[in-house]
Amino acid sequence: EDEKKKYVKGKKLGEGTYANVYLGHARHDPSLLVAIKKIKVQKEYRDGMAPDAVRELTHLQELRHPNIISLLSAFSSKDQNLNLVLEFLPLGDLEMLIRDVDRVRYGAPDIKAWMGMLTRAVWFCHDNYVLHRDIKPNNLLIAADGEVKLADFGLARGFADPGQRMTANVITRWYRPPELLYGARHYSGAVDVWSVGTVFAELIIRTPYLPGDNDIEMVRLISRAIGTPTEDNWPGVTKLREYTIPIEVTPVADKATYMNRFGSVGPEGVDLLMRTLILDPRKRITAREMLEHKWWRTDPRPSRKEDLPRKS
Ligand code: ADP
């Protein structure tokens, strides 16, 4: 319970959608830098609920993997807000690299390396019965050694106060799978695999693949680019709470269509991409199956992490 005494809070590093992030260091070792993420907790969770949140987070502390950000500690402060002490990763995130088209060049070997790290992170989460639920380039932080680390588990966000949104930053829908857009209540690791697929696509084309402004537009974009969900390709879809009958039905995109847009990762890469973007979550590839895909062993080999492009 004296977790907060173990760390000294320093200057503010940044503001996120639902949290402020501060630099910090371990009291016993000022060279051990950390990021302290202070999440504003919703009113209904105050008065004793923050400890529950902290308890829920303790299992994330046990989730140790090179491609998952380390949660070193969690505590609630006097004001009942939730503080997460995280590994300090000051080199930015994958979104910054994807967007900096003028200065950051990368190719298929780099994409393969980044995708390998992301897939291993997601496989490890699912193997430990943890769903991430918010995989996007901005949540893939870069470590000094080039390792990409999955950050920002949606769990903490569940306690955050959306009314107190601190920036104009909107929680993005672009990586959300069709089953969630249709209001499915029972979902699985397949939700994260879809997000991994949309990140894969974005790494290739360097622009968000399905940038819908709202849920209706999201469904329309998915329908046009990937195919319209129907009882034929996804038995049971029409029973989902928020399923809408499509105005126009587009058949599921074939390999040639994907090759035109994503061919720079080769036919095997495109095969993997297509399997992550299967509409029916039960038919979608799993993270474990992704790791067994032949793309990883097909030329070109993934870049070594020390050779990956970084923020200039
Ligand atoms: P968002 O997800 O909305 O970008 P976050 O709340 O995750 O925002 O983080 C806000 C800012 O704090 C980030 O843009 C980044 O500059 C910084 N930050 C977040 N986490 C870390 C970390 N582990 N190490 C270093 N800086 C971080």
# chains A, B, ... in the order shown; residues from 1 in each chain; ligands from 1
>>> select_by_dssp(residues="segment 37-90 of chain A", states="strand (DSSP E or B)", output="ChimeraX atom specification")
/A:37-39,41,68,71-76,82-87
>>> closest_atom_pairs(of="chain A", to="ligand 1", cutoff="7 Å", atoms="only C-alpha atoms and all ligand atoms", output="Markdown table")
| residue | atom | partner | partner_atom_place_in_ligand_line | distance |
| --- | --- | --- | --- | --- |
| A:Leu13 | CA | ligand 1 | 12 (O) | 5.3 |
| A:Gly14 | CA | ligand 1 | 11 (C) | 4.0 |
| A:Glu15 | CA | ligand 1 | 10 (C) | 4.5 |
| A:Gly16 | CA | ligand 1 | 8 (O) | 3.3 |
| A:Thr17 | CA | ligand 1 | 3 (O) | 4.2 |
| A:Tyr18 | CA | ligand 1 | 6 (O) | 6.3 |
| A:Ala19 | CA | ligand 1 | 6 (O) | 4.9 |
| A:Asn20 | CA | ligand 1 | 6 (O) | 6.0 |
| A:Val21 | CA | ligand 1 | 12 (O) | 4.8 |
| A:Val34 | CA | ligand 1 | 24 (N) | 6.9 |
| A:Ala35 | CA | ligand 1 | 24 (N) | 4.9 |
| A:Lys37 | CA | ligand 1 | 6 (O) | 6.9 |
| A:Leu86 | CA | ligand 1 | 23 (N) | 5.4 |
| A:Glu87 | CA | ligand 1 | 23 (N) | 5.3 |
| A:Phe88 | CA | ligand 1 | 24 (N) | 3.8 |
| A:Leu89 | CA | ligand 1 | 24 (N) | 3.7 |
| A:Pro90 | CA | ligand 1 | 25 (C) | 4.3 |
| A:Gly92 | CA | ligand 1 | 16 (O) | 6.6 |
| A:Asn138 | CA | ligand 1 | 4 (O) | 6.2 |
| A:Asn139 | CA | ligand 1 | 2 (O) | 6.2 |
| A:Asp152 | CA | ligand 1 | 7 (O) | 6.3 |
| A:Asn169 | CA | ligand 1 | 3 (O) | 6.7 |
>>> atom_distance(atom1="atom CA of Leu150 of chain A", atom2="atom CA of Asn214 of chain A")
25.2 Å
>>> select_by_dssp(residues="segment 60-190 of chain A", states="helix (DSSP H, G or I)", output="PyMOL selection string")
chain A and resi 60-61+94-99+108-127+137-139+154-157+162-164+178-181+190
>>> write_last_selection(atoms="C-alpha atoms", output="mmCIF file, in the first residue's frame")
data_model
loop_
_atom_site.group_PDB
_atom_site.id
_atom_site.type_symbol
_atom_site.label_atom_id
_atom_site.label_comp_id
_atom_site.auth_asym_id
_atom_site.auth_seq_id
_atom_site.Cartn_x
_atom_site.Cartn_y
_atom_site.Cartn_z
ATOM 1 C CA LEU A 60 -1.572 -6.866 -15.507
ATOM 2 C CA GLN A 61 1.552 -6.390 -13.407
ATOM 3 C CA LEU A 94 4.450 3.659 -34.219
ATOM 4 C CA GLU A 95 1.899 6.266 -35.267
ATOM 5 C CA MET A 96 4.604 8.956 -35.287
ATOM 6 C CA LEU A 97 6.744 6.844 -37.624
ATOM 7 C CA ILE A 98 3.868 5.913 -39.941
ATOM 8 C CA ARG A 99 2.842 9.572 -40.320
ATOM 9 C CA ALA A 108 8.662 -4.813 -45.946
ATOM 10 C CA PRO A 109 11.433 -6.161 -43.622
ATOM 11 C CA ASP A 110 10.648 -3.431 -41.063
ATOM 12 C CA ILE A 111 6.905 -4.058 -41.283
ATOM 13 C CA LYS A 112 7.574 -7.764 -40.756
ATOM 14 C CA ALA A 113 9.671 -7.039 -37.660
ATOM 15 C CA TRP A 114 7.081 -4.685 -36.151
ATOM 16 C CA MET A 115 4.219 -7.055 -36.964
ATOM 17 C CA GLY A 116 6.129 -9.929 -35.372
ATOM 18 C CA MET A 117 6.548 -7.979 -32.144
ATOM 19 C CA LEU A 118 2.885 -6.927 -32.141
ATOM 20 C CA THR A 119 1.668 -10.454 -32.856
ATOM 21 C CA ARG A 120 3.814 -11.943 -30.079
ATOM 22 C CA ALA A 121 2.458 -9.333 -27.643
ATOM 23 C CA VAL A 122 -1.141 -10.127 -28.569
ATOM 24 C CA TRP A 123 -0.550 -13.881 -28.471
ATOM 25 C CA PHE A 124 0.945 -13.528 -24.977
ATOM 26 C CA CYS A 125 -2.027 -11.469 -23.742
ATOM 27 C CA HIS A 126 -4.534 -13.973 -25.104
ATOM 28 C CA ASP A 127 -2.556 -16.925 -23.762
ATOM 29 C CA PRO A 137 -0.430 2.501 -33.750
ATOM 30 C CA ASN A 138 -0.534 5.171 -31.037
ATOM 31 C CA ASN A 139 -0.555 2.448 -28.357
ATOM 32 C CA GLY A 154 -8.430 -0.740 -22.105
ATOM 33 C CA LEU A 155 -9.066 -1.967 -18.581
ATOM 34 C CA ALA A 156 -7.789 1.219 -16.956
ATOM 35 C CA ARG A 157 -9.784 3.271 -19.411
ATOM 36 C CA PRO A 162 -14.997 10.577 -20.211
ATOM 37 C CA GLY A 163 -16.749 13.810 -19.174
ATOM 38 C CA GLN A 164 -13.367 15.124 -18.135
ATOM 39 C CA PRO A 178 -17.396 -5.393 -37.036
ATOM 40 C CA GLU A 179 -18.696 -7.533 -34.143
ATOM 41 C CA LEU A 180 -18.182 -4.628 -31.731
ATOM 42 C CA LEU A 181 -19.664 -2.132 -34.193
ATOM 43 C CA ALA A 190 -10.659 -12.044 -32.364
#
>>> closest_residue(among="A:Arg173, A:Lys38, A:Arg105, A:Lys12", to="Glu217 of chain A", atoms="only C-alpha atoms")
A:Arg173
